[in-house]
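Q: See entry_26.cif below, with mmCIF, C-alpha atoms.
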```cif
data_my_file
#
loop_
_atom_site.label_atom_id
_atom_site.label_comp_id
_atom_site.auth_asym_id
_atom_site.auth_seq_id
_atom_site.Cartn_x
_atom_site.Cartn_y
_atom_site.Cartn_z
CA MET A 100 62.34 95.89 58.27
CA ASP A 101 60.71 97.84 55.43
CA LEU A 102 63.36 98.46 52.78
CA ASP A 103 61.54 101.65 51.78
CA LEU A 104 62.62 103.13 55.11
CA LEU A 105 66.24 102.33 54.34
CA ARG A 106 65.95 103.67 50.80
CA SER A 107 64.48 106.91 52.18
CA MET A 108 67.27 107.23 54.71
CA LEU A 109 69.91 106.69 51.98
CA ALA A 110 68.29 109.34 49.76
CA VAL A 111 68.39 111.93 52.56
CA ALA A 112 71.99 111.02 53.42
CA GLU A 113 73.00 111.45 49.76
CA ASP A 114 71.20 114.78 49.23
CA GLY A 115 71.86 116.22 52.68
CA ALA A 116 68.38 117.73 52.70
CA ILE A 117 64.90 116.31 53.23
CA THR A 118 63.19 118.58 50.70
CA GLU A 119 65.51 117.65 47.81
CA ALA A 120 65.40 113.96 48.69
CA ALA A 121 61.60 114.00 48.92
CA ASP A 122 61.33 115.55 45.44
CA ARG A 123 63.76 113.01 43.98
CA ILE A 124 62.00 109.90 45.30
CA GLY A 125 58.48 111.25 44.78
CA LEU A 126 57.33 111.76 48.36
CA SER A 127 56.01 114.76 50.22
CA GLN A 128 58.35 116.27 52.79
CA PRO A 129 56.09 115.28 55.73
CA ALA A 130 55.89 111.69 54.44
CA LEU A 131 59.67 111.43 54.15
CA SER A 132 60.15 112.97 57.60
CA ARG A 133 57.75 110.37 59.00
CA ARG A 134 59.80 107.57 57.45
CA LEU A 135 62.96 108.89 59.04
CA GLN A 136 61.18 109.12 62.37
CA GLN A 137 60.01 105.53 62.07
CA LEU A 138 63.54 104.39 61.34
CA GLU A 139 64.95 106.29 64.31
CA GLU A 140 62.23 104.87 66.55
CA HIS A 141 63.14 101.40 65.36
CA PHE A 142 66.81 101.79 66.27
CA GLY A 143 66.08 103.87 69.35
CA THR A 144 68.50 106.63 68.47
CA ALA A 145 68.92 109.62 66.20
CA LEU A 146 70.34 108.92 62.74
CA PHE A 147 70.49 112.56 61.59
CA VAL A 148 71.21 115.91 63.17
CA ARG A 149 69.28 118.82 61.69
CA SER A 150 70.73 122.30 61.17
CA ARG A 151 70.19 125.31 59.00
CA ARG A 152 72.48 123.73 56.42
CA GLY A 153 70.28 120.64 56.16
CA VAL A 154 70.79 117.25 57.77
CA GLU A 155 73.94 115.30 58.61
CA LEU A 156 74.40 111.69 59.68
CA THR A 157 75.23 110.89 63.29
CA GLU A 158 77.87 108.25 64.02
CA VAL A 159 75.13 105.61 64.32
CA GLY A 160 73.60 107.05 61.16
CA ARG A 161 76.85 106.39 59.29
CA LEU A 162 76.79 102.79 60.54
CA VAL A 163 73.20 102.34 59.37
CA GLN A 164 74.00 103.99 56.03
CA ALA A 165 76.86 101.56 55.35
CA GLU A 166 74.80 98.47 56.13
CA ALA A 167 71.67 99.83 54.43
CA THR A 168 73.65 100.39 51.21
CA ILE A 169 74.66 96.71 51.22
CA LEU A 170 71.14 95.46 52.05
CA VAL A 171 69.42 97.57 49.40
CA SER A 172 72.02 96.65 46.79
CA ARG A 173 71.64 92.94 47.55
CA PHE A 174 67.86 93.21 47.35
CA HIS A 175 68.12 94.94 43.96
CA GLY A 176 70.42 92.14 42.85
CA LEU A 177 67.89 89.59 44.07
CA GLU A 178 65.15 91.35 42.11
CA ASP A 179 67.32 91.18 38.99
CA ARG A 180 67.95 87.46 39.48
CA VAL A 181 64.27 86.69 40.01
CA ARG A 182 63.39 88.72 36.92
CA ALA A 183 65.99 86.78 34.93
CA HIS A 184 64.46 83.48 36.05
CA LEU A 185 60.96 84.63 35.14
CA ASN A 186 62.17 85.82 31.72
CA LEU A 187 64.07 82.52 31.14
CA ASP A 188 67.36 84.40 31.09
CA ALA A 189 68.59 82.21 33.95
CA GLY A 190 67.51 79.11 35.83
CA ILE A 191 67.98 75.38 36.27
CA VAL A 192 65.75 72.55 35.09
CA ARG A 193 66.13 69.51 37.36
CA ILE A 194 64.75 66.56 35.42
CA GLY A 195 65.15 62.81 35.40
CA GLY A 196 64.10 59.87 33.30
CA GLY A 197 64.73 56.28 32.38
CA ALA A 198 67.10 54.99 29.72
CA THR A 199 64.86 55.77 26.75
CA ALA A 200 63.96 59.25 27.99
CA VAL A 201 67.54 60.26 28.80
CA SER A 202 69.03 58.81 25.62
CA PHE A 203 66.38 59.52 22.99
CA VAL A 204 63.59 61.81 24.24
CA LEU A 205 65.32 64.54 26.22
CA PRO A 206 68.55 65.32 24.28
CA ASP A 207 66.84 66.85 21.21
CA ALA A 208 64.33 68.69 23.41
CA ILE A 209 67.09 70.12 25.62
CA ALA A 210 69.10 71.21 22.57
CA ALA A 211 66.04 72.95 21.07
CA PHE A 212 65.22 74.64 24.37
CA GLN A 213 68.76 75.89 24.96
CA SER A 214 68.96 77.28 21.44
CA SER A 215 66.24 79.74 22.50
CA HIS A 216 67.27 80.05 26.15
CA PRO A 217 71.05 79.49 26.27
CA GLU A 218 71.39 80.61 29.90
CA ILE A 219 69.14 77.84 31.23
CA ARG A 220 71.12 74.94 32.70
CA PHE A 221 69.93 71.35 33.04
CA GLN A 222 70.59 68.84 35.79
CA LEU A 223 69.74 65.46 34.32
CA LYS A 224 69.45 62.17 36.21
CA GLU A 225 69.05 58.71 34.69
CA ALA A 226 67.37 56.09 36.86
CA GLY A 227 64.43 53.72 36.87
CA SER A 228 60.93 55.16 36.66
CA ARG A 229 60.12 54.31 40.27
CA GLU A 230 63.20 56.13 41.58
CA ILE A 231 62.59 59.15 39.34
CA ALA A 232 58.97 59.42 40.51
CA LEU A 233 60.10 59.27 44.14
CA ASN A 234 62.72 61.96 43.47
CA VAL A 235 60.07 64.25 41.99
CA ALA A 236 57.68 63.62 44.88
CA SER A 237 60.43 64.46 47.40
CA GLY A 238 61.47 67.64 45.57
CA GLN A 239 64.91 66.43 44.45
CA LEU A 240 63.73 66.79 40.85
CA GLU A 241 61.12 69.11 39.37
CA LEU A 242 60.22 66.95 36.38
CA GLY A 243 60.41 63.29 35.47
CA VAL A 244 59.78 61.38 32.24
CA VAL A 245 58.71 57.92 33.39
CA THR A 246 56.91 54.79 32.30
CA LEU A 247 53.21 54.95 33.09
CA PRO A 248 51.21 54.19 35.13
CA VAL A 249 52.51 56.01 38.18
CA GLN A 250 50.42 55.77 41.33
CA SER A 251 50.97 58.75 43.60
CA GLN A 252 48.63 61.38 45.00
CA ASP A 253 51.62 63.72 45.29
CA LEU A 254 52.28 63.79 41.53
CA THR A 255 50.60 65.29 38.51
CA VAL A 256 50.88 62.79 35.66
CA GLU A 257 50.53 63.69 31.96
CA PRO A 258 50.85 61.14 29.13
CA LEU A 259 53.58 62.17 26.70
CA VAL A 260 54.41 59.62 24.02
CA THR A 261 53.92 55.95 23.16
CA ASP A 262 57.20 54.03 22.98
CA ARG A 263 57.34 50.92 20.77
CA VAL A 264 59.73 48.21 22.00
CA VAL A 265 61.15 45.89 19.32
CA LEU A 266 63.45 42.91 19.00
CA VAL A 267 66.93 43.79 17.68
CA ALA A 268 69.90 41.74 16.53
CA ARG A 269 73.31 42.21 15.00
CA ARG A 270 73.18 42.41 11.21
CA ASP A 271 74.79 38.97 10.78
CA HIS A 272 72.46 37.18 13.24
CA PRO A 273 70.53 34.30 11.59
CA LEU A 274 67.19 35.83 12.63
CA THR A 275 67.84 38.96 10.56
CA HIS A 276 67.63 36.87 7.40
CA ARG A 277 64.06 35.87 8.19
CA ARG A 278 61.35 38.10 6.80
CA ARG A 279 59.37 37.69 10.00
CA ILE A 280 59.46 35.55 13.15
CA THR A 281 56.25 33.54 13.37
CA ASP A 282 57.04 30.72 15.80
CA LEU A 283 57.98 32.74 18.88
CA GLU A 284 58.54 29.86 21.27
CA ARG A 285 60.82 27.98 18.86
CA ASP A 286 62.78 30.93 17.46
CA LEU A 287 63.05 33.16 20.52
CA GLY A 288 62.92 30.78 23.47
CA GLY A 289 66.44 29.41 23.15
CA GLN A 290 68.20 32.68 22.44
CA ALA A 291 70.52 34.67 24.73
CA TYR A 292 69.46 38.21 25.51
CA VAL A 293 70.91 41.42 26.85
CA GLY A 294 68.18 42.80 29.08
CA PHE A 295 67.32 45.86 31.09
CA GLU A 296 67.87 45.66 34.83
CA ALA A 297 65.51 43.28 36.61
CA GLY A 298 62.72 45.15 38.34
CA SER A 299 62.84 48.17 36.05
CA ALA A 300 59.52 49.24 34.57
CA ILE A 301 60.51 48.50 30.98
CA ARG A 302 61.93 45.08 31.90
CA GLN A 303 58.66 44.14 33.59
CA ILE A 304 56.69 45.18 30.49
CA ILE A 305 58.95 43.14 28.20
CA ASP A 306 58.92 40.06 30.46
CA ARG A 307 55.13 40.18 30.76
CA ALA A 308 54.60 40.47 27.01
CA LEU A 309 56.93 37.54 26.28
CA ARG A 310 55.41 35.32 28.96
CA ASN A 311 51.97 35.99 27.48
CA ALA A 312 53.42 34.89 24.12
CA GLY A 313 54.82 31.70 25.68
CA VAL A 314 58.46 32.84 25.63
CA GLU A 315 60.78 32.88 28.63
CA MET A 316 63.80 35.12 28.00
CA ASN A 317 67.25 33.78 28.78
CA VAL A 318 68.84 37.02 29.99
CA VAL A 319 72.60 36.56 30.23
CA MET A 320 73.43 40.21 30.90
CA GLU A 321 71.59 43.15 32.47
CA LEU A 322 72.33 46.80 31.73
CA ARG A 323 70.62 50.12 32.45
CA SER A 324 71.65 52.17 29.43
CA ILE A 325 70.19 51.60 25.96
CA PRO A 326 73.44 52.66 24.21
CA ALA A 327 75.27 50.10 26.36
CA ILE A 328 72.72 47.41 25.46
CA LEU A 329 73.05 48.17 21.74
CA ARG A 330 76.83 48.13 21.99
CA MET A 331 76.70 44.75 23.70
CA VAL A 332 74.36 43.39 21.02
CA ALA A 333 76.83 44.56 18.36
CA THR A 334 79.84 42.98 20.07
CA THR A 335 78.36 39.71 21.42
CA GLY A 336 75.67 38.87 18.90
CA TYR A 337 73.06 38.52 21.66
CA LEU A 338 69.47 39.67 21.09
CA ALA A 339 67.72 42.48 22.93
CA PHE A 340 64.40 44.28 23.20
CA VAL A 341 64.80 48.07 23.07
CA SER A 342 62.91 51.17 22.07
CA ARG A 343 62.50 51.49 18.30
CA ALA A 344 63.58 55.12 18.64
CA SER A 345 67.06 53.93 19.62
CA LEU A 346 67.68 52.38 16.19
CA SER A 347 68.00 55.71 14.40
CA GLY A 348 71.55 55.93 13.04
CA GLN A 349 72.37 52.31 13.83
CA HIS A 350 74.12 50.43 11.00
CA ASP A 351 75.18 47.16 12.61
CA ILE A 352 71.92 46.45 14.41
CA LEU A 353 68.58 45.69 12.79
CA GLU A 354 65.00 45.32 13.97
CA VAL A 355 63.68 41.76 13.71
CA PRO A 356 59.94 41.74 12.91
CA VAL A 357 57.95 39.36 15.12
CA SER A 358 54.39 38.33 14.30
CA GLY A 359 51.86 38.44 17.11
CA LEU A 360 54.11 40.38 19.50
CA SER A 361 53.39 44.03 20.22
CA ILE A 362 55.22 45.66 23.11
CA GLU A 363 54.33 49.25 23.86
CA ARG A 364 54.55 51.50 26.85
CA GLU A 365 53.36 55.00 27.62
CA LEU A 366 55.87 57.59 28.74
CA GLY A 367 54.58 60.50 30.76
CA ILE A 368 55.70 63.68 32.52
CA VAL A 369 55.39 63.81 36.30
CA SER A 370 55.66 66.86 38.56
CA ARG A 371 54.72 67.79 42.12
CA THR A 372 51.02 68.46 42.59
CA ASP A 373 51.45 70.87 45.50
CA VAL A 374 54.43 72.90 44.23
CA PRO A 375 54.36 75.08 41.10
CA LEU A 376 57.10 74.52 38.55
CA SER A 377 59.82 77.08 38.08
CA SER A 378 59.46 79.20 34.96
CA ALA A 379 62.24 77.26 33.21
CA ALA A 380 60.81 73.83 34.09
CA ASP A 381 57.30 74.89 33.12
CA ALA A 382 58.50 76.17 29.73
CA PHE A 383 60.51 73.01 29.11
CA ALA A 384 57.56 70.78 29.99
CA ALA A 385 55.47 72.74 27.48
CA LEU A 386 58.13 72.13 24.83
CA LEU A 387 58.11 68.39 25.58
CA ARG A 388 54.32 68.28 25.14
CA GLN A 389 54.53 70.26 21.90
CA THR A 390 57.27 68.03 20.52
CA ALA A 391 55.39 64.86 21.46
CA SER A 392 52.16 66.04 19.86
CA ALA A 393 54.00 66.78 16.60
CA THR A 394 55.40 63.27 16.29
#
```
The structure in this file should be written as structure tokens.
A:
Amino acid sequence: MDLDLLRSMLAVAEDGAITEAADRIGLSQPALSRRLQQLEEHFGTALFVRSRRGVELTEVGRLVQAEATILVSRFHGLEDRVRAHLNLDAGIVRIGGGATAVSFVLPDAIAAFQSSHPEIRFQLKEAGSREIALNVASGQLELGVVTLPVQSQDLTVEPLVTDRVVLVARRDHPLTHRRRITDLERDLGGQAYVGFEAGSAIRQIIDRALRNAGVEMNVVMELRSIPAILRMVATTGYLAFVSRASLSGQHDILEVPVSGLSIERELGIVSRTDVPLSSAADAFAALLRQTASAT
């Protein structure tokens, strides 16, 4: 049903006269009378009785007035909510990413975004890149920050930032006293490592780079979270390969330079190709791109 018909009916019921109501809502008297007629034709009964004193609601008219007041009010409320979302005064950003993204890429960006748009809420999921990409493709998430490449015709993929993966050790580990590791097979091959979960995108990149360098990692423990990996390195003395960005603020863990070994991966933003982003998600994605380009 056309809400304008209900609004017109409510105006006449409030003023008790078609002429006054027509002037107030900016319609001609014949146009307003036609709207009332359409509404009565729709319900199949009279909603007003006309007299020399003006118009009065019938019993059915009072029923329609009560429900119409609720419907129009709810629609106005809906308009306000939509306007708030478009103006970034409300909304939810559903985003996911891997360990590096969730721990070291997204927190600062979310804090900066919410400082300007404090009413925007975030739903954040940490999982492997493959799972995050699938969640975005299925609509469970709007945005994902994942390891590239991602092969999917359902997703728009934008490169974001290059992540450098480095060898780390506890400060008292013998390797930290070396200026640089040059014999990878001898110095790294017999070590115990805390690794990312087998099958994860970053683990595959690390394993491939080490195999190409002639090193087979002895992974004695697998974890998903970078903070958990760093904590385990600090407590056990095992080695690990993690994002260089994760070392900011670390005092007990040092990067160990390794000659001839360069491990990098590209992180990118993925979103649905066939569904436009919400205003909040679109604005946050723009902030991520801006932040990445400035680094």
Q: Could you write out as a PyMOL selection string the residues that the PyMOL selection byres ((chain A and resi 294) around 7) matches in the shown file?
A: chain A and resi 292-293+295-296+318+320-322+339
Q: Quick one: which residues end up in the PyMOL selection byres ((chain A and resi 298) around 12) for this structure, as an MDAnalysis selection string?
A: chainID A and resid 226:230 294:297 299:307 321:323
Q: Which polymer residues have any atom within 10 Å of an atom of stretch 117-128 of chain A, counting all atoms listed in the file, with same-chain residues fewer than 6 positions away left out, as a list in words?
A: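 Listed by chain and then number, they are Arg106, Ser107, Met108, Leu109, Ala110, Val111, Arg134, Leu135, Arg149, Gly153 and Val154 of chain A.
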Q: May I ask for the distance between atom CA of A:Arg161 and atom CA of A:Asp114, given in Å to one decimal place?
A: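 These atoms are spaced 14.3 Å apart.
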Q: For A:Thr334, please output as a list of chain:residue names all residues within 12 Å (counting all atoms listed in the file; exclusion window: fewer than 3 positions along the same chain).
A: A:Ala268, A:Arg269, A:Arg270, A:Asp271, A:His272, A:Val293, A:Ala327, A:Ile328, A:Leu329, A:Arg330, A:Met331, A:Tyr337, A:Leu338, A:Asp351, A:Ile352
Q: Taking 6 positions as the minimum chain separation for residues in the same chain, which residues sit within 8 Å of stretch 375-380 of chain A when counting all atoms listed in the file? Answer as number ranges by chain.
A: A: 184-187, 190-193, 219, 241-242
Q: Please write the residues from the selection above to a file, keeping C-alpha atoms, as a PDB file, in the frame of the given file.
A:
```
ATOM      1  CA  HIS A 184      64.460  83.480  36.050  1.00  0.00           C
ATOM      2  CA  LEU A 185      60.960  84.630  35.140  1.00  0.00           C
ATOM      3  CA  ASN A 186      62.170  85.820  31.720  1.00  0.00           C
ATOM      4  CA  LEU A 187      64.070  82.520  31.140  1.00  0.00           C
ATOM      5  CA  GLY A 190      67.510  79.110  35.830  1.00  0.00           C
ATOM      6  CA  ILE A 191      67.980  75.380  36.270  1.00  0.00           C
ATOM      7  CA  VAL A 192      65.750  72.550  35.090  1.00  0.00           C
ATOM      8  CA  ARG A 193      66.130  69.510  37.360  1.00  0.00           C
ATOM      9  CA  ILE A 219      69.140  77.840  31.230  1.00  0.00           C
ATOM     10  CA  GLU A 241      61.120  69.110  39.370  1.00  0.00           C
ATOM     11  CA  LEU A 242      60.220  66.950  36.380  1.00  0.00           C
TER      12      LEU A 242
END
```
Q: Using only C-alpha atoms, pick whichever of A:Leu240, A:Ile231, A:Val267, A:Ala145 has the shortest atom-to-atom distance to A:Val332.
A: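 The closest residue to A:Val332 is A:Val267.
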Q: Kindly indicate which residue among A:Ile362, A:Ala308, A:Gln349, A:Leu105 lies nearest to A:Ile169, using only C-alpha atoms for the distances.
A: A:Leu105
Q: Can you work out which one of A:Leu138, A:Leu170, A:Ala116, A:Ile194 has the shortest atom-to-atom distance to A:Arg152, counting all atoms listed in the file?
A: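 Ranked by minimum distance to A:Arg152, first place goes to A:Ala116.
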Q: Could you tell me how far atom CA of A:Ala165 lies from atom CA of A:Arg133, in Å and to one decimal?
A: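 Atom CA of A:Ala165 sits 21.4 Å away from atom CA of A:Arg133.
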Q: Have a look at A:Gln164, A:Ser324, A:Asn311, A:Asn317 and name the one nearest to A:Gly196; count all atoms listed in the file.
A: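 Closest to A:Gly196 of all the choices is A:Ser324.
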Q: Which residue is closest to A:Ala344? Choose from A:Ala183, A:Val260, A:Leu156, A:Leu254 and count only C-alpha atoms.
A: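 Ranked by minimum distance to A:Ala344, first place goes to A:Val260.
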